[in-house]
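Participant: Sharing a structure, written as structure tokens. Questions coming.
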2 protein chains.
Amino acid sequence: MPDVAQAFVPGHVTGFFTTHTDSDPTRAGSQGGGIALSTGVTVTVHPAEEVEVVLDGKAVEIEAVERVLRTLQTPVVVRAVTDLPLASGFGVSGAMALGTALACNAAFSRQLSRNELVTVAHGAEVQAGTGLGDVVAQARGGVTMRLEPGGPHHNLLDAVPARGRVEYITLGNLSTADVLDEDTDVLDEAGERALSTVVEEPTMESFMRASRRFSRESGLLTEGVREVITDVNEAGGQAAMAMLGETVFALDTGLSDAGYDPEAARVHHAGATLQAPPEV
Amino acid sequence: MPDVAQAFVPGHVTGFFTTHTDSDPTRAGSQGGGIALSTGVTVTVHPAEEVEVVLDGKAVEIEAVERVLRTLQTPVVVRAVTDLPLASGFGVSGAMALGTALACNAAFSRQLSRNELVTVAHGAEVQAGTGLGDVVAQARGGVTMRLEPGGPHHNLLDAVPARGRVEYITLGNLSTADVLDEDTDVLDEAGERALSTVVEEPTMESFMRASRRFSRESGLLTEGVREVITDVNEAGGQAAMAMLGETVFALDTGLSDAGYDPEAARVHHAGATLQAPPEV
């Protein structure tokens, strides 16, 4: 008989990325760089006759989650809770897809490996059009560099060996799907330049510099975000725009030092993990 | 000017493995399976004129650590502390090599990526003859399956999606170098069978079953370890031998339930990480 199961998936802010389409969703995805955050999404699945997905107490429709449930053939109620802002570049939909895959595998003893579960969640997110690289980065943790696109059977990951505090504030929403629907040539070129910079010098300073440049060159930088980044720089800090959201993230106390009232998290070194299920 | 820096590396118990020699130490290594443990090794490096390596307050010579220091050209005093038993199959030498690489990179701003640092530590451990697969597993965390041997540029890792408590007791020491010097054909065949079993059914139950069978088929099972494993099985638990040590590890409360007085840790989901340096 299936059990209740629970997973935690770190949030993820992307600093820069490229887009790679492929008819095989396990090969499609993105190169890029991002930071896994200790603030994330806790996903609990309860076996049920009717599928239901609830985020912070509200029924939601998240295509990536529904695709995961169909692939694993696991009818459940998914209950997710998070302190992350929604639709603001923190990878909440990817976290829900990945957390659902991990928890359903445990609850129903589906006996899939970790790579297989990440592949299911990555493919679901790509097919839903809501993300290209969050899932594989959230599965790994740390400050990942996605050197090759796709799920874990095809991609290639490295990381900036770093730790520390990350602050963030969100000014509004951006739709990932809208941006990905547009012509991405300029964005892809900017993303490749940014990745090359960080591969050559894998430090947090170079990561933040490359991310800022990417946001300008890709045309994604908004006026509101630009102003906040400038304030942080003038206060001696390092900030960049989270892709894709009207969100600024900064290292250490960058936003606080510039007079903002940010949320704070830390670099989260573990990828998504099963947790002890809640007491029933 | 270089700083003090600190890293934490999880312990690692190997359940089964194969050996792969190669003139290139970044390609040499092992396939196999193991569990990263929340009990590990904390490594602090202090820039110094003379290299010195200290483990739990005693000066030690650890070839893998010395090789890392030579490769990175970082003259330091390495101070490591651990609650893990030494020379008993917990990957302490691999942890010290990897922790030294991560910490020296930070202290001296060497600007190597995470994969590069893991490669340095893996190659040093292979060349020292003290381990074949601990370093890459300790860099990843979790319950890794090493599907292909070598450092991160050549290997292929998957994992059993699992969590929970691990208990262990150590009955004595075994030398990794002595075993690896012998003819390994029988061991390699047993290791491949064990890996196939866990790839087919990536669960903790199958991991423990495959590990027990490997210890018998490889001829590495000692009489003392066999007796403890039998006791745990008779008490309804799951235990196996840690490679290479006179050590038994068990899931959950397996050893306690069988009347032993074990140490306890948890599956550690993060790989090796930088930590906040100690207050000086």
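To be explicit about the labels: the chains of the structure tokens are called A, B, and onward in the order shown, and within each one the residues are counted from 1, while ligands get numbers from 1 in the order they are shown.
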Quick one: residues within 7 Å of Thr14 (chain B), only C-alpha atoms counted, chain neighbours fewer than 2 positions away excluded, as a list in words?
Facilitator: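 Here the answer would be His12, Phe16, Gly33, Gly34, Ile35, Ala242 and Met243 of chain B.
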Participant: Quick check for you: according to DSSP on this backbone, which residues of region 42-95 of chain B are classed as alpha helix (DSSP H)? Reply as an MDAnalysis selection string.
Facilitator: chainID B and resid 63:72 92:95
Participant: Using only C-alpha atoms, please write the residues we just selected to a file, as a PDB file, in the first residue's frame.
Facilitator:
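Final output, saved to selection_39.pdb:
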```
ATOM      1  CA  GLU B  63      50.244  10.796   0.645  1.00  0.00           C
ATOM      2  CA  ALA B  64      46.964  11.799  -1.029  1.00  0.00           C
ATOM      3  CA  VAL B  65      46.931  15.084   0.921  1.00  0.00           C
ATOM      4  CA  GLU B  66      50.562  15.812   0.115  1.00  0.00           C
ATOM      5  CA  ARG B  67      49.885  15.211  -3.580  1.00  0.00           C
ATOM      6  CA  VAL B  68      46.961  17.662  -3.507  1.00  0.00           C
ATOM      7  CA  LEU B  69      49.133  20.313  -1.877  1.00  0.00           C
ATOM      8  CA  ARG B  70      51.860  19.844  -4.487  1.00  0.00           C
ATOM      9  CA  THR B  71      49.369  20.035  -7.355  1.00  0.00           C
ATOM     10  CA  LEU B  72      47.753  23.222  -6.057  1.00  0.00           C
ATOM     11  CA  VAL B  92      38.953   9.372   5.809  1.00  0.00           C
ATOM     12  CA  SER B  93      41.973   9.678   3.498  1.00  0.00           C
ATOM     13  CA  GLY B  94      39.724  10.596   0.554  1.00  0.00           C
ATOM     14  CA  ALA B  95      37.913  13.113   2.746  1.00  0.00           C
TER      15      ALA B  95
END
```
Participant: Between CA of Val45 (chain B) and CA of Asp158 (chain A), what is the spacing in Å?
Facilitator: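 Those two atoms sit 23.8 Å apart.
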Participant: What are the closest atom pairs, with distances in Å to one decimal, for all residues of chain A lying within 9 Å of chain B? Consider only C-alpha atoms, order rows by chain and residue number, and present the result as a tab-separated table.
Facilitator:
```
residue	atom	partner	partner_atom	distance
A:Leu102	CA	B:Pro161	CA	7.3
A:Asn105	CA	B:Pro161	CA	8.5
A:Ala106	CA	B:Pro161	CA	8.1
A:Ser109	CA	B:Thr203	CA	8.7
A:Gln111	CA	B:Pro202	CA	5.8
A:Leu112	CA	B:Pro202	CA	6.4
A:Ser113	CA	B:Pro202	CA	5.5
A:Arg114	CA	B:Ala159	CA	5.2
A:Asn115	CA	B:Asp158	CA	5.7
A:Glu116	CA	B:Asp158	CA	8.7
A:Leu117	CA	B:Pro161	CA	8.8
A:Arg140	CA	B:Arg140	CA	8.4
A:Gly141	CA	B:Ala270	CA	7.8
A:Gly142	CA	B:Ala270	CA	8.9
A:Pro152	CA	B:Asp158	CA	8.8
A:His153	CA	B:Leu156	CA	8.9
A:Leu156	CA	B:His153	CA	8.9
A:Leu157	CA	B:Asn115	CA	8.5
A:Asp158	CA	B:Asn115	CA	5.7
A:Ala159	CA	B:Arg114	CA	5.2
A:Val160	CA	B:Ser113	CA	5.5
A:Pro161	CA	B:Arg114	CA	5.2
A:Ala162	CA	B:Leu274	CA	6.6
A:Arg163	CA	B:Leu274	CA	6.1
A:Gly164	CA	B:Ala276	CA	8.0
A:Val199	CA	B:Ser113	CA	7.6
A:Glu200	CA	B:Gln111	CA	8.5
A:Glu201	CA	B:Gln111	CA	5.8
A:Pro202	CA	B:Ser113	CA	5.5
A:Thr203	CA	B:Gln111	CA	6.4
A:His268	CA	B:Ala270	CA	8.6
A:His269	CA	B:Ala270	CA	5.5
A:Ala270	CA	B:Ala270	CA	3.9
A:Gly271	CA	B:Ala270	CA	6.9
A:Ala272	CA	B:His269	CA	8.4
A:Thr273	CA	B:His269	CA	7.0
A:Leu274	CA	B:Arg163	CA	6.2
A:Gln275	CA	B:Arg163	CA	7.1
A:Ala276	CA	B:Gly164	CA	8.0
```
Participant: Near Leu174 (chain A), counting only C-alpha atoms, which residues have an atom at most 12 Å away, once you skip same-chain residues fewer than 2 positions from it, shown as a PDB file with N, CA and C atoms, in the first residue's frame?
Facilitator:
```pdb
ATOM      1  N   PRO A  85       8.844  33.562  -3.424  1.00  0.00           N
ATOM      2  CA  PRO A  85       7.857  34.264  -4.249  1.00  0.00           C
ATOM      3  C   PRO A  85       7.545  33.418  -5.494  1.00  0.00           C
ATOM      4  N   LEU A  86       6.302  33.467  -5.957  1.00  0.00           N
ATOM      5  CA  LEU A  86       5.900  32.684  -7.135  1.00  0.00           C
ATOM      6  C   LEU A  86       6.111  33.492  -8.416  1.00  0.00           C
ATOM      7  N   ALA A  87       6.356  32.779  -9.512  1.00  0.00           N
ATOM      8  CA  ALA A  87       6.504  33.396 -10.834  1.00  0.00           C
ATOM      9  C   ALA A  87       7.520  34.535 -10.825  1.00  0.00           C
ATOM     10  N   SER A  88       8.588  34.361 -10.068  1.00  0.00           N
ATOM     11  CA  SER A  88       9.565  35.438  -9.916  1.00  0.00           C
ATOM     12  C   SER A  88      10.995  34.964 -10.094  1.00  0.00           C
ATOM     13  N   GLY A  89      11.176  33.771 -10.698  1.00  0.00           N
ATOM     14  CA  GLY A  89      12.528  33.329 -11.016  1.00  0.00           C
ATOM     15  C   GLY A  89      13.190  32.501  -9.934  1.00  0.00           C
ATOM     16  N   PHE A  90      12.396  31.797  -9.121  1.00  0.00           N
ATOM     17  CA  PHE A  90      12.970  30.956  -8.065  1.00  0.00           C
ATOM     18  C   PHE A  90      12.795  29.459  -8.340  1.00  0.00           C
ATOM     19  N   THR A 130       7.760  25.694 -18.881  1.00  0.00           N
ATOM     20  CA  THR A 130       7.903  26.584 -17.729  1.00  0.00           C
ATOM     21  C   THR A 130       9.339  26.663 -17.201  1.00  0.00           C
ATOM     22  N   THR A 170      11.842  40.840  -4.666  1.00  0.00           N
ATOM     23  CA  THR A 170      11.058  40.663  -5.881  1.00  0.00           C
ATOM     24  C   THR A 170      10.198  41.895  -6.106  1.00  0.00           C
ATOM     25  N   LEU A 171      10.281  42.428  -7.325  1.00  0.00           N
ATOM     26  CA  LEU A 171       9.538  43.650  -7.655  1.00  0.00           C
ATOM     27  C   LEU A 171       8.253  43.334  -8.405  1.00  0.00           C
ATOM     28  N   GLY A 172       8.153  42.139  -9.005  1.00  0.00           N
ATOM     29  CA  GLY A 172       6.957  41.809  -9.782  1.00  0.00           C
ATOM     30  C   GLY A 172       7.143  40.469 -10.469  1.00  0.00           C
ATOM     31  N   THR A 176       8.005  32.996 -17.735  1.00  0.00           N
ATOM     32  CA  THR A 176       9.049  32.262 -18.440  1.00  0.00           C
ATOM     33  C   THR A 176       8.581  31.872 -19.833  1.00  0.00           C
ATOM     34  N   ALA A 177       7.347  31.370 -19.919  1.00  0.00           N
ATOM     35  CA  ALA A 177       6.851  30.865 -21.203  1.00  0.00           C
ATOM     36  C   ALA A 177       6.870  31.964 -22.264  1.00  0.00           C
ATOM     37  N   ASP A 178       6.495  33.199 -21.901  1.00  0.00           N
ATOM     38  CA  ASP A 178       6.472  34.299 -22.871  1.00  0.00           C
ATOM     39  C   ASP A 178       7.865  34.567 -23.426  1.00  0.00           C
ATOM     40  N   VAL A 179       8.865  34.597 -22.565  1.00  0.00           N
ATOM     41  CA  VAL A 179      10.226  34.881 -23.020  1.00  0.00           C
ATOM     42  C   VAL A 179      10.722  33.756 -23.915  1.00  0.00           C
ATOM     43  N   LEU A 180      10.450  32.511 -23.517  1.00  0.00           N
ATOM     44  CA  LEU A 180      10.968  31.379 -24.279  1.00  0.00           C
ATOM     45  C   LEU A 180      10.278  31.247 -25.635  1.00  0.00           C
ATOM     46  N   LEU A 220      16.785  41.421 -21.252  1.00  0.00           N
ATOM     47  CA  LEU A 220      15.796  41.029 -20.241  1.00  0.00           C
ATOM     48  C   LEU A 220      15.799  41.950 -19.014  1.00  0.00           C
ATOM     49  N   LEU A 221      16.843  42.746 -18.880  1.00  0.00           N
ATOM     50  CA  LEU A 221      16.962  43.630 -17.709  1.00  0.00           C
ATOM     51  C   LEU A 221      15.832  44.655 -17.724  1.00  0.00           C
ATOM     52  N   THR A 222      15.093  44.733 -16.648  1.00  0.00           N
ATOM     53  CA  THR A 222      14.027  45.739 -16.559  1.00  0.00           C
ATOM     54  C   THR A 222      14.566  46.980 -15.845  1.00  0.00           C
ATOM     55  N   MET A 241      20.145  40.033 -11.727  1.00  0.00           N
ATOM     56  CA  MET A 241      18.722  39.743 -11.939  1.00  0.00           C
ATOM     57  C   MET A 241      18.500  38.247 -12.012  1.00  0.00           C
ATOM     58  N   ALA A 242      17.461  37.760 -11.326  1.00  0.00           N
ATOM     59  CA  ALA A 242      17.113  36.337 -11.398  1.00  0.00           C
ATOM     60  C   ALA A 242      16.294  36.092 -12.658  1.00  0.00           C
ATOM     61  N   MET A 243      16.733  35.105 -13.438  1.00  0.00           N
ATOM     62  CA  MET A 243      16.051  34.766 -14.691  1.00  0.00           C
ATOM     63  C   MET A 243      15.072  33.607 -14.454  1.00  0.00           C
ATOM     64  N   LEU A 244      13.846  33.740 -14.739  1.00  0.00           N
ATOM     65  CA  LEU A 244      13.161  34.897 -15.255  1.00  0.00           C
ATOM     66  C   LEU A 244      12.182  35.432 -14.225  1.00  0.00           C
ATOM     67  N   GLY A 245      12.552  36.527 -13.619  1.00  0.00           N
ATOM     68  CA  GLY A 245      11.656  37.148 -12.675  1.00  0.00           C
ATOM     69  C   GLY A 245      12.059  38.590 -12.500  1.00  0.00           C
ATOM     70  N   GLU A 246      11.131  39.378 -12.000  1.00  0.00           N
ATOM     71  CA  GLU A 246      11.435  40.778 -11.693  1.00  0.00           C
ATOM     72  C   GLU A 246      12.064  40.764 -10.299  1.00  0.00           C
ATOM     73  N   THR A 247      13.224  40.104 -10.212  1.00  0.00           N
ATOM     74  CA  THR A 247      13.842  39.784  -8.934  1.00  0.00           C
ATOM     75  C   THR A 247      15.323  40.137  -8.955  1.00  0.00           C
TER      76      THR A 247
END
```
Participant: Extract the full set of strand (DSSP E) residues from region 113-167 of chain A according to DSSP on the backbone, and format it as number ranges by chain.
Facilitator: A: 143-148, 156-160, 165-167
Participant: Keeping only C-alpha atoms, write the selected residues as a compact mmCIF listing (two decimals), in the first residue's frame.
Facilitator:
```
# COMPACT_ATOMS: atom_id res chain seq x y z
CA VAL A 143 26.26 27.01 -7.54
CA THR A 144 25.91 24.95 -10.69
CA MET A 145 27.30 25.62 -14.14
CA ARG A 146 25.25 23.74 -16.70
CA LEU A 147 27.92 23.09 -19.33
CA GLU A 148 25.68 20.97 -21.55
CA LEU A 156 27.26 17.99 -18.00
CA LEU A 157 27.41 19.94 -14.75
CA ASP A 158 30.22 21.67 -12.94
CA ALA A 159 30.02 24.14 -10.07
CA VAL A 160 31.57 27.23 -8.55
CA ARG A 165 24.49 34.16 2.16
CA VAL A 166 22.20 35.23 -0.68
CA GLU A 167 19.66 38.05 -0.34
```
Participant: Hey, can you check how far CA of Gly150 (chain A) sits from CA of Gln31 (chain A)?
Facilitator: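 A separation of 8.4 Å between them.
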Participant: How far is it from CA of Gly259 (chain A) to CA of Gly236 (chain A), in Å with one decimal?
Facilitator: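 Pair CA of Gly259 (chain A) / CA of Gly236 (chain A) returns 12.1 Å.
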Participant: For Thr44 (chain A), find every residue with an atom within 9 Å (counting only C-alpha atoms), except residues of its own chain fewer than 6 positions away, and show them as a list of chain:residue names.
Facilitator: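 Close residues of Thr44 (chain A): A:Val4, A:Ala5, A:Gln6, A:Ala7, A:Phe8, A:Val77, A:Val78, A:Arg79, A:Ala80, A:Val81, A:Gly99, A:Thr100, A:Ala103, A:Cys104, A:Pro277, A:Pro278.
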Participant: Grab the residues selected above and save them as an mmCIF file, in the first residue's frame with N, CA and C atoms.
Facilitator:
```cif
data_model
loop_
_atom_site.group_PDB
_atom_site.id
_atom_site.type_symbol
_atom_site.label_atom_id
_atom_site.label_comp_id
_atom_site.auth_asym_id
_atom_site.auth_seq_id
_atom_site.Cartn_x
_atom_site.Cartn_y
_atom_site.Cartn_z
ATOM 1 N N VAL A 4 2.439 7.958 2.559
ATOM 2 C CA VAL A 4 2.698 9.384 2.435
ATOM 3 C C VAL A 4 4.211 9.564 2.298
ATOM 4 N N ALA A 5 4.654 10.502 1.481
ATOM 5 C CA ALA A 5 6.096 10.761 1.369
ATOM 6 C C ALA A 5 6.322 12.246 1.147
ATOM 7 N N GLN A 6 7.510 12.702 1.482
ATOM 8 C CA GLN A 6 7.795 14.139 1.456
ATOM 9 C C GLN A 6 9.198 14.388 0.927
ATOM 10 N N ALA A 7 9.330 15.465 0.168
ATOM 11 C CA ALA A 7 10.648 15.845 -0.357
ATOM 12 C C ALA A 7 10.841 17.340 -0.183
ATOM 13 N N PHE A 8 12.109 17.741 -0.060
ATOM 14 C CA PHE A 8 12.457 19.171 -0.044
ATOM 15 C C PHE A 8 13.293 19.467 -1.281
ATOM 16 N N VAL A 77 -2.687 13.413 -3.940
ATOM 17 C CA VAL A 77 -2.818 14.832 -3.629
ATOM 18 C C VAL A 77 -1.412 15.348 -3.331
ATOM 19 N N VAL A 78 -0.995 16.368 -4.069
ATOM 20 C CA VAL A 78 0.311 17.006 -3.864
ATOM 21 C C VAL A 78 0.083 18.262 -3.034
ATOM 22 N N ARG A 79 0.719 18.336 -1.877
ATOM 23 C CA ARG A 79 0.624 19.561 -1.067
ATOM 24 C C ARG A 79 2.005 20.162 -0.963
ATOM 25 N N ALA A 80 2.151 21.371 -1.467
ATOM 26 C CA ALA A 80 3.460 22.023 -1.437
ATOM 27 C C ALA A 80 3.367 23.302 -0.622
ATOM 28 N N VAL A 81 4.425 23.572 0.122
ATOM 29 C CA VAL A 81 4.497 24.848 0.846
ATOM 30 C C VAL A 81 5.853 25.482 0.576
ATOM 31 N N GLY A 99 10.093 17.556 -6.681
ATOM 32 C CA GLY A 99 9.662 17.048 -5.375
ATOM 33 C C GLY A 99 8.557 16.007 -5.526
ATOM 34 N N THR A 100 7.655 16.242 -6.469
ATOM 35 C CA THR A 100 6.584 15.272 -6.716
ATOM 36 C C THR A 100 7.164 13.949 -7.218
ATOM 37 N N ALA A 103 8.969 12.162 -4.234
ATOM 38 C CA ALA A 103 8.040 11.700 -3.200
ATOM 39 C C ALA A 103 7.154 10.568 -3.731
ATOM 40 N N CYS A 104 6.679 10.695 -4.966
ATOM 41 C CA CYS A 104 5.817 9.633 -5.506
ATOM 42 C C CYS A 104 6.599 8.334 -5.678
ATOM 43 N N PRO A 277 8.584 11.650 6.402
ATOM 44 C CA PRO A 277 7.200 12.061 6.126
ATOM 45 C C PRO A 277 6.583 12.670 7.378
ATOM 46 N N PRO A 278 5.602 13.550 7.187
ATOM 47 C CA PRO A 278 4.984 14.191 8.340
ATOM 48 C C PRO A 278 4.260 13.153 9.203
#
```
